[in-house]
>>> print(open('coords_22.txt').read())   # compact mmCIF, C-alpha atoms
# COMPACT_ATOMS: atom_id res chain seq x y z
CA MET A 1 0.00 0.00 0.00
CA SER A 2 1.53 3.32 -1.11
CA LEU A 3 -0.50 5.15 1.54
CA HIS A 4 0.83 4.23 4.95
CA ARG A 5 -0.53 6.30 7.87
CA LEU A 6 -2.37 9.32 9.18
CA THR A 7 0.11 12.15 9.53
CA GLN A 8 -1.77 14.96 11.27
CA ILE A 9 -5.24 16.29 11.98
CA VAL A 10 -6.33 19.90 12.37
CA MET A 11 -9.18 20.14 14.86
CA GLY A 12 -11.34 23.24 14.94
CA VAL A 13 -13.00 24.23 18.22
CA PRO A 14 -14.49 27.41 19.71
CA ASN A 15 -12.52 26.97 22.96
CA VAL A 16 -8.91 26.47 21.87
CA GLU A 17 -7.12 26.97 25.20
CA GLN A 18 -9.38 24.63 27.18
CA THR A 19 -9.24 21.95 24.52
CA ALA A 20 -5.45 22.17 24.21
CA ALA A 21 -5.15 21.79 27.99
CA TYR A 22 -7.35 18.69 27.83
CA TYR A 23 -5.16 16.99 25.20
CA THR A 24 -2.08 17.88 27.21
CA ASP A 25 -3.67 16.06 30.17
CA PHE A 26 -4.55 13.24 27.74
CA GLY A 27 -0.83 12.70 27.20
CA LEU A 28 0.06 14.65 24.06
CA THR A 29 3.10 16.92 24.24
CA PRO A 30 2.59 20.61 23.38
CA GLY A 31 4.80 22.03 20.65
CA ALA A 32 7.20 19.10 20.38
CA SER A 33 8.42 16.72 17.69
CA PRO A 34 10.22 13.39 18.06
CA ALA A 35 13.99 13.68 18.43
CA ASP A 36 14.62 11.69 15.26
CA GLY A 37 12.59 14.14 13.18
CA SER A 38 10.43 11.34 11.76
CA ARG A 39 7.47 13.70 11.35
CA PRO A 40 8.24 17.12 9.87
CA ALA A 41 6.01 20.05 10.69
CA ALA A 42 2.90 20.20 8.53
CA PRO A 43 2.66 22.83 5.83
CA GLN A 44 0.96 26.01 6.95
CA THR A 45 -2.54 26.62 5.64
CA ALA A 46 -5.11 29.29 6.26
CA ALA A 47 -6.86 27.03 8.78
CA ALA A 48 -3.76 25.57 10.34
CA GLY A 49 -1.53 28.60 10.56
CA SER A 50 -2.13 29.27 14.25
CA GLY A 51 -3.36 27.56 17.38
CA HIS A 52 -1.78 24.81 19.45
CA VAL A 53 0.32 21.95 18.11
CA LEU A 54 0.63 18.72 20.12
CA SER A 55 2.74 15.63 19.51
CA THR A 56 2.51 11.90 20.09
CA ALA A 57 5.49 9.85 21.24
CA ASP A 58 6.14 8.25 17.84
CA GLY A 59 4.19 10.25 15.25
CA GLY A 60 5.40 13.76 16.08
CA GLU A 61 3.13 16.75 15.51
CA GLN A 62 -0.16 14.97 14.91
CA LEU A 63 -2.72 17.36 16.39
CA ARG A 64 -3.19 21.05 15.65
CA ILE A 65 -6.04 22.84 17.41
CA VAL A 66 -7.38 26.02 15.80
CA HIS A 67 -10.34 28.30 16.38
CA THR A 68 -13.59 27.67 14.50
CA PRO A 69 -17.14 28.75 15.41
CA ARG A 70 -18.20 25.13 15.96
CA ARG A 71 -16.25 21.96 16.62
CA ARG A 72 -15.20 20.07 13.49
CA LEU A 73 -12.33 18.37 11.75
CA VAL A 74 -10.70 20.96 9.50
CA GLU A 75 -7.94 18.86 7.91
CA LEU A 76 -6.84 15.24 7.74
CA GLY A 77 -3.30 14.38 6.66
CA VAL A 78 -2.45 11.06 4.97
CA GLY A 79 1.11 9.88 4.34
CA ALA A 80 2.23 8.57 0.94
CA ASP A 81 5.56 7.15 -0.18
CA ASP A 82 6.49 9.33 -3.17
CA PRO A 83 5.22 11.88 -5.75
CA ASP A 84 4.00 9.10 -8.06
CA ASP A 85 1.48 8.15 -5.37
CA LEU A 86 0.28 11.76 -5.30
CA ASP A 87 -0.20 11.72 -9.08
CA ARG A 88 -2.37 8.61 -8.77
CA VAL A 89 -4.50 10.22 -6.05
CA ALA A 90 -4.91 13.43 -8.07
CA ALA A 91 -6.00 11.47 -11.15
CA ALA A 92 -8.45 9.35 -9.14
CA LEU A 93 -10.05 12.43 -7.56
CA ALA A 94 -10.31 14.08 -10.97
CA ARG A 95 -12.27 11.04 -12.22
CA LEU A 96 -14.74 11.72 -9.39
CA ASP A 97 -14.97 15.38 -10.52
CA VAL A 98 -13.47 16.52 -7.21
CA PRO A 99 -11.41 19.77 -7.41
CA VAL A 100 -7.79 19.10 -6.50
CA HIS A 101 -4.93 21.32 -5.33
CA ARG A 102 -1.51 19.89 -6.23
CA THR A 103 1.89 20.94 -4.91
CA ALA A 104 5.29 19.29 -5.22
CA GLY A 105 4.78 17.40 -1.96
CA SER A 106 1.04 17.05 -1.55
CA VAL A 107 -2.38 16.78 -3.14
CA SER A 108 -5.44 18.04 -1.30
CA ALA A 109 -9.19 18.04 -1.82
CA VAL A 110 -12.33 18.67 0.22
CA ASP A 111 -14.87 15.93 0.83
CA PRO A 112 -18.19 17.83 0.67
CA GLY A 113 -20.00 15.33 2.92
CA THR A 114 -17.66 15.74 5.89
CA GLU A 115 -16.38 19.22 4.92
CA VAL A 116 -12.84 17.99 5.67
CA LEU A 117 -9.79 18.99 3.65
CA VAL A 118 -7.88 15.75 3.09
CA ARG A 119 -4.20 16.33 2.35
CA VAL A 120 -2.16 13.42 1.01
CA GLU A 121 1.53 14.22 1.47
CA THR A 122 4.84 12.49 0.99
CA ALA A 123 6.01 11.47 4.46
CA PRO A 124 8.36 8.90 5.97
CA ARG A 125 6.86 5.68 7.21
CA LEU A 126 6.37 5.42 10.94
CA ARG A 127 8.82 3.16 12.75
CA GLN A 128 7.72 2.09 16.22
CA THR A 129 9.78 0.32 18.87
CA PRO A 130 7.63 -2.31 20.60
CA PRO A 131 7.27 -2.04 24.38
CA PRO A 132 8.67 -4.81 26.58
CA ALA A 133 6.47 -7.90 26.48
CA ALA A 134 4.06 -7.92 29.42
CA PRO A 135 4.52 -11.13 31.46
CA TYR A 136 0.91 -12.21 31.97
CA ASN A 137 0.21 -15.26 34.11
CA THR A 138 -2.33 -17.58 32.49
CA PRO A 139 -3.83 -20.91 33.59
CA GLY A 140 -1.01 -23.44 33.62
CA ALA A 141 1.64 -20.89 32.65
CA ALA A 142 2.88 -18.71 35.51
CA VAL A 143 5.54 -16.84 33.55
CA ARG A 144 5.74 -14.09 36.18
CA GLN A 145 6.70 -15.52 39.52
CA GLY A 146 7.68 -13.81 42.75
CA GLU A 147 7.07 -10.29 41.44
CA ARG A 148 4.21 -7.87 40.90
CA ALA A 149 2.81 -7.18 37.45
CA PRO A 150 4.75 -4.36 35.72
CA GLY A 151 1.46 -2.70 34.74
CA ILE A 152 0.68 -1.76 38.34
CA LEU A 153 4.19 -0.46 39.00
CA ARG A 154 4.28 2.10 36.19
CA GLU A 155 4.49 5.66 37.43
CA VAL A 156 5.22 7.77 34.35
CA PRO A 157 2.19 9.50 32.79
CA VAL A 158 0.56 7.73 29.85
CA ARG A 159 1.65 9.13 26.50
CA PRO A 160 -0.11 8.04 23.27
CA ARG A 161 2.22 6.52 20.70
CA LYS A 162 0.38 7.72 17.56
CA LEU A 163 -2.89 8.91 16.08
CA GLY A 164 -4.85 5.84 15.00
CA HIS A 165 -8.13 6.88 13.42
CA VAL A 166 -10.92 9.43 13.17
CA VAL A 167 -14.70 8.96 12.94
CA LEU A 168 -16.62 11.56 10.98
CA GLY A 169 -20.26 12.44 10.42
CA SER A 170 -21.16 13.06 6.79
CA THR A 171 -24.28 14.53 5.22
CA ASP A 172 -23.67 12.18 2.25
CA GLN A 173 -22.11 8.99 3.59
CA GLU A 174 -22.05 7.16 0.26
CA ALA A 175 -20.28 10.02 -1.50
CA SER A 176 -17.79 10.41 1.37
CA GLN A 177 -17.04 6.70 1.32
CA ARG A 178 -16.47 6.86 -2.43
CA PHE A 179 -14.19 9.89 -1.91
CA PHE A 180 -11.95 7.97 0.49
CA LEU A 181 -12.02 4.63 -1.32
CA GLU A 182 -11.98 5.53 -5.01
CA GLY A 183 -10.41 8.97 -4.70
CA ILE A 184 -7.81 8.88 -1.92
CA GLY A 185 -7.11 5.14 -2.13
CA PHE A 186 -8.25 3.74 1.21
CA LYS A 187 -9.32 0.09 1.49
CA VAL A 188 -12.31 -1.51 3.22
CA SER A 189 -11.62 -3.69 6.27
CA ASP A 190 -15.18 -4.34 7.50
CA THR A 191 -18.62 -2.82 6.99
CA VAL A 192 -21.69 -2.17 9.10
CA LYS A 193 -24.68 -2.93 6.92
CA GLY A 194 -26.38 0.20 5.66
CA LEU A 195 -24.30 2.47 7.87
CA ALA A 196 -20.55 2.71 7.28
CA ALA A 197 -17.30 1.09 6.21
CA PHE A 198 -14.16 0.81 8.31
CA MET A 199 -11.45 2.09 5.95
CA ARG A 200 -7.67 1.92 6.18
CA CYS A 201 -4.70 3.71 4.64
CA SER A 202 -2.18 1.64 6.62
CA THR A 203 -1.83 -1.83 8.10
CA ASP A 204 -4.11 -0.74 10.97
CA HIS A 205 -7.59 -2.22 10.74
CA HIS A 206 -9.08 1.24 10.23
CA ASN A 207 -7.95 4.85 9.99
CA VAL A 208 -11.22 6.52 8.94
CA LEU A 209 -14.88 5.72 9.53
CA VAL A 210 -17.59 7.90 8.00
CA GLN A 211 -21.17 7.70 9.25
CA GLN A 212 -24.35 9.25 7.89
CA ALA A 213 -25.29 12.32 9.96
CA PRO A 214 -27.56 15.36 9.68
CA VAL A 215 -24.50 17.63 9.87
CA ALA A 216 -20.78 17.25 9.18
CA PHE A 217 -18.91 16.84 12.45
CA LEU A 218 -16.02 15.07 14.18
CA HIS A 219 -17.31 12.23 16.34
CA HIS A 220 -14.01 11.06 17.83
CA THR A 221 -10.27 10.73 17.48
CA SER A 222 -8.40 7.61 18.59
CA TRP A 223 -4.90 7.38 20.03
CA GLN A 224 -2.75 4.27 20.39
CA VAL A 225 -1.17 3.30 23.71
CA ASP A 226 0.96 0.27 24.58
CA ASP A 227 -1.60 -2.03 26.20
CA VAL A 228 -4.81 -2.28 28.19
CA ASP A 229 -2.99 -1.21 31.37
CA GLU A 230 -2.10 2.08 29.69
CA ILE A 231 -5.73 2.54 28.67
CA GLY A 232 -6.82 2.06 32.26
CA ARG A 233 -4.07 4.22 33.69
CA GLY A 234 -4.67 7.01 31.20
CA ALA A 235 -8.43 7.07 31.69
CA THR A 236 -8.09 6.87 35.48
CA ALA A 237 -5.78 9.89 35.54
CA MET A 238 -8.13 11.85 33.29
CA LEU A 239 -11.14 11.05 35.47
CA GLU A 240 -9.30 11.89 38.69
CA ALA A 241 -8.87 15.39 37.26
CA ASP A 242 -12.48 15.61 36.05
CA PRO A 243 -15.00 12.74 36.39
CA ASP A 244 -17.31 14.39 33.83
CA ARG A 245 -14.82 13.49 31.10
CA HIS A 246 -15.99 9.85 31.16
CA THR A 247 -18.05 8.62 28.20
CA TRP A 248 -17.69 4.86 27.61
CA GLY A 249 -15.33 2.11 28.73
CA LEU A 250 -13.49 0.01 29.56
CA GLY A 251 -14.47 -2.39 26.77
CA ARG A 252 -13.38 -4.27 23.68
CA HIS A 253 -14.68 -3.62 20.19
CA HIS A 254 -15.75 -6.49 17.97
CA ILE A 255 -14.83 -4.79 14.70
CA GLY A 256 -11.13 -4.07 14.97
CA SER A 257 -10.84 -6.08 18.21
CA ASN A 258 -9.22 -3.21 20.13
CA PHE A 259 -9.59 -2.42 23.81
CA PHE A 260 -11.07 1.07 24.29
CA TRP A 261 -11.99 3.82 26.71
CA TYR A 262 -13.70 7.00 25.47
CA LEU A 263 -13.54 10.40 27.13
CA LYS A 264 -14.99 13.77 26.07
CA ASP A 265 -13.00 16.94 25.49
CA PRO A 266 -14.25 20.46 26.44
CA ALA A 267 -15.49 21.12 22.90
CA GLY A 268 -17.67 17.99 22.93
CA THR A 269 -15.54 15.64 20.80
CA PHE A 270 -14.79 12.15 22.07
CA SER A 271 -11.20 10.95 22.38
CA GLU A 272 -10.28 7.27 22.63
CA TYR A 273 -7.35 5.45 24.15
CA TYR A 274 -6.94 2.14 22.31
CA SER A 275 -4.61 -0.87 22.14
CA ASP A 276 -4.42 -4.27 20.43
CA LEU A 277 -6.07 -3.27 17.15
CA ASP A 278 -6.28 -5.84 14.34
CA CYS A 279 -3.46 -5.52 11.81
CA ILE A 280 -3.84 -6.24 8.08
CA VAL A 281 -0.45 -6.74 6.46
CA ASP A 282 -1.52 -8.97 3.57
CA ASP A 283 -4.78 -7.88 1.93
CA ALA A 284 -5.26 -11.37 0.46
CA LEU A 285 -5.39 -12.91 3.93
CA TRP A 286 -8.14 -10.63 5.27
CA LYS A 287 -11.80 -11.11 4.39
CA PRO A 288 -13.96 -8.06 5.16
CA GLY A 289 -17.01 -8.90 7.24
CA VAL A 290 -20.49 -7.41 7.22
CA PHE A 291 -21.91 -6.67 10.67
CA GLU A 292 -25.27 -5.54 12.00
CA GLY A 293 -26.26 -3.68 15.17
CA ALA A 294 -24.45 -3.87 18.49
CA LYS A 295 -22.52 -7.02 17.52
CA GLY A 296 -20.17 -4.91 15.46
CA LEU A 297 -19.91 -2.13 18.01
CA TYR A 298 -18.50 -3.99 21.00
CA ALA A 299 -17.73 -7.53 22.16
CA TRP A 300 -17.82 -6.80 25.89
CA GLY A 301 -18.00 -3.89 28.29
CA PRO A 302 -20.77 -1.54 29.40
CA PRO A 303 -23.34 -0.64 26.75
CA PRO A 304 -22.64 2.61 24.91
CA PRO A 305 -24.46 5.60 26.39
CA PRO A 306 -27.01 7.37 24.17
CA SER A 307 -24.73 10.43 24.06
CA PHE A 308 -22.05 8.36 22.30
CA LEU A 309 -24.42 7.24 19.57
CA ALA A 310 -25.97 10.72 19.19
CA PRO A 311 -23.79 13.46 20.71
CA GLU A 312 -25.68 15.85 22.97
CA ASP A 313 -24.65 18.91 20.94
CA LEU A 314 -25.81 17.49 17.60
CA ALA A 315 -28.86 19.78 17.46
CA ALA A 316 -26.68 22.81 18.20
CA LEU A 317 -24.26 21.79 15.45
CA MET A 318 -27.17 21.48 13.03
CA THR A 319 -28.51 24.95 13.83
CA GLY A 320 -25.08 26.56 13.81
CA ALA A 321 -25.21 27.43 17.50
CA HIS A 322 -21.83 27.83 19.12
CA THR A 323 -20.49 25.09 21.34
CA PRO A 324 -18.57 26.13 24.50
CA ALA A 325 -16.54 29.30 23.88
CA GLN A 326 -13.21 30.39 25.29
>>> encode(input="coords_22.txt", output="structure tokens")
Amino acid sequence: MSLHRLTQIVMGVPNVEQTAAYYTDFGLTPGASPADGSRPAAPQTAAAGSGHVLSTADGGEQLRIVHTPRRRLVELGVGADDPDDLDRVAAALARLDVPVHRTAGSVSAVDPGTEVLVRVETAPRLRQTPPPAAPYNTPGAAVRQGERAPGILREVPVRPRKLGHVVLGSTDQEASQRFFLEGIGFKVSDTVKGLAAFMRCSTDHHNVLVQQAPVAFLHHTSWQVDDVDEIGRGATAMLEADPDRHTWGLGRHHIGSNFFWYLKDPAGTFSEYYSDLDCIVDDALWKPGVFEGAKGLYAWGPPPPPSFLAPEDLAALMTGAHTPAQ
């Protein structure tokens, strides 16, 4: 796959300072890039030229927060290997009659259904160092003897390793899905009948999910951590600071298989800690499934609250009312 990861998102919110403080608590690092320079700073655009920039441990500057009247995803960056890949994306979008802006290092276009500017850019592939293997005791195999589990001894704050995926509301789900699949070059991993497709631009099970909605909006962003202990530790720390941040978790999704815990930022967007997501290295060895109802949503855990399925500010987003201001 010539596309290989999400590079950066630009999140628009009416309350920039509060939201930036939340994602700092969440574990992202303000204004920092990885020491090896694996993720260069994103090109400046009209929407992304100011605000707060935050970094993940492995992906570098992956979140930029800027001011917009209502919360939304402004831009989505996708990494490609070389300029030939950009030419293929530009040609594919042109066949869909989508206006394209081409530069030497990127090609960008707006998906009308989600109102997101998707920018495919040449970028280095992400190299991640695996964490030490967790010594779990299982029936008949006590591999950890005479010592406490490392997961309960960790003291350093949780820091997400990379941006994993985004979930978007679209006023034209079919057109948005076609934009990402036929235009940008994503692939389908699994589908929810009559609702959405889980789409990937990397070996991760999914990087983008677009759902039909009455208004274009950002439902949630998802951030990879090492394991389920880090999910629990991260969420616990966030809730100790503010219990109202809790949304849904701990649980395990069926589609994608990942452990999850969802929290809510001050602008109203959900953020997810996740680990142990399905990985698709060989397309020929993966058969996309078709799921219906709650079976696809989660395998175990508490049921999703109504506010997760239909965010409480959806009516305000539809009418153009401002969400919480600075």
>>> atom_distance(input="coords_22.txt", atom1="atom CA of Asp172 of chain A", atom2="atom CA of Tyr262 of chain A")
25.8 Å
>>> closest_residue(input="coords_22.txt", among="A:Asp58, A:Asp85, A:Glu121, A:Asp229", to="Tyr136 of chain A", atoms="only C-alpha atoms")
A:Asp229
>>> residues_around(input="coords_22.txt", residues="Tyr22 of chain A", least_positions_apart="3", cutoff="10 Å", atoms="all atoms listed in the file", output="PyMOL selection string")
chain A and resi 16-19+25-28+238+245+264-267
>>> closest_residue(input="coords_22.txt", among="A:Pro243, A:Gly256, A:Gly232, A:Pro30", to="Thr203 of chain A", atoms="all atoms listed in the file")
A:Gly256
>>> closest_residue(input="coords_22.txt", among="A:Leu317, A:His206, A:Leu86, A:Thr56", to="Thr29 of chain A", atoms="all atoms listed in the file")
A:Thr56
>>> residues_around(input="coords_22.txt", residues="Pro112 of chain A", least_positions_apart="5", cutoff="10 Å", atoms="all atoms listed in the file", output="list of chain:residue names")
A:Val98, A:Leu117, A:Ser170, A:Thr171, A:Asp172, A:Ala175, A:Ser176, A:Phe179, A:Ala216
>>> atom_distance(input="coords_22.txt", atom1="atom CA of His205 of chain A", atom2="atom CA of Leu285 of chain A")
12.9 Å
>>> closest_residue(input="coords_22.txt", among="A:Gly77, A:Pro157, A:Gly59, A:Gly113", to="Trp223 of chain A", atoms="only C-alpha atoms")
A:Gly59
>>> residues_around(input="coords_22.txt", residues="Gly301 of chain A", least_positions_apart="5", cutoff="8 Å", atoms="all atoms listed in the file", output="PDB file with C-alpha atoms, keeping the file's coordinate frame")
ATOM      1  CA  GLY A 249     -15.330   2.110  28.730  1.00  0.00           C
ATOM      2  CA  LEU A 250     -13.490   0.010  29.560  1.00  0.00           C
ATOM      3  CA  GLY A 251     -14.470  -2.390  26.770  1.00  0.00           C
ATOM      4  CA  ARG A 252     -13.380  -4.270  23.680  1.00  0.00           C
TER       5      ARG A 252
END
>>> atom_distance(input="coords_22.txt", atom1="atom CA of Val208 of chain A", atom2="atom CA of Arg102 of chain A")
22.4 Å
>>> closest_residue(input="coords_22.txt", among="A:Glu61, A:Asp227, A:Asp111, A:Glu292", to="Ile184 of chain A", atoms="all atoms listed in the file")
A:Asp111
>>> closest_residue(input="coords_22.txt", among="A:Leu163, A:Leu181, A:Ala133, A:Cys201", to="Leu93 of chain A", atoms="all atoms listed in the file")
A:Leu181
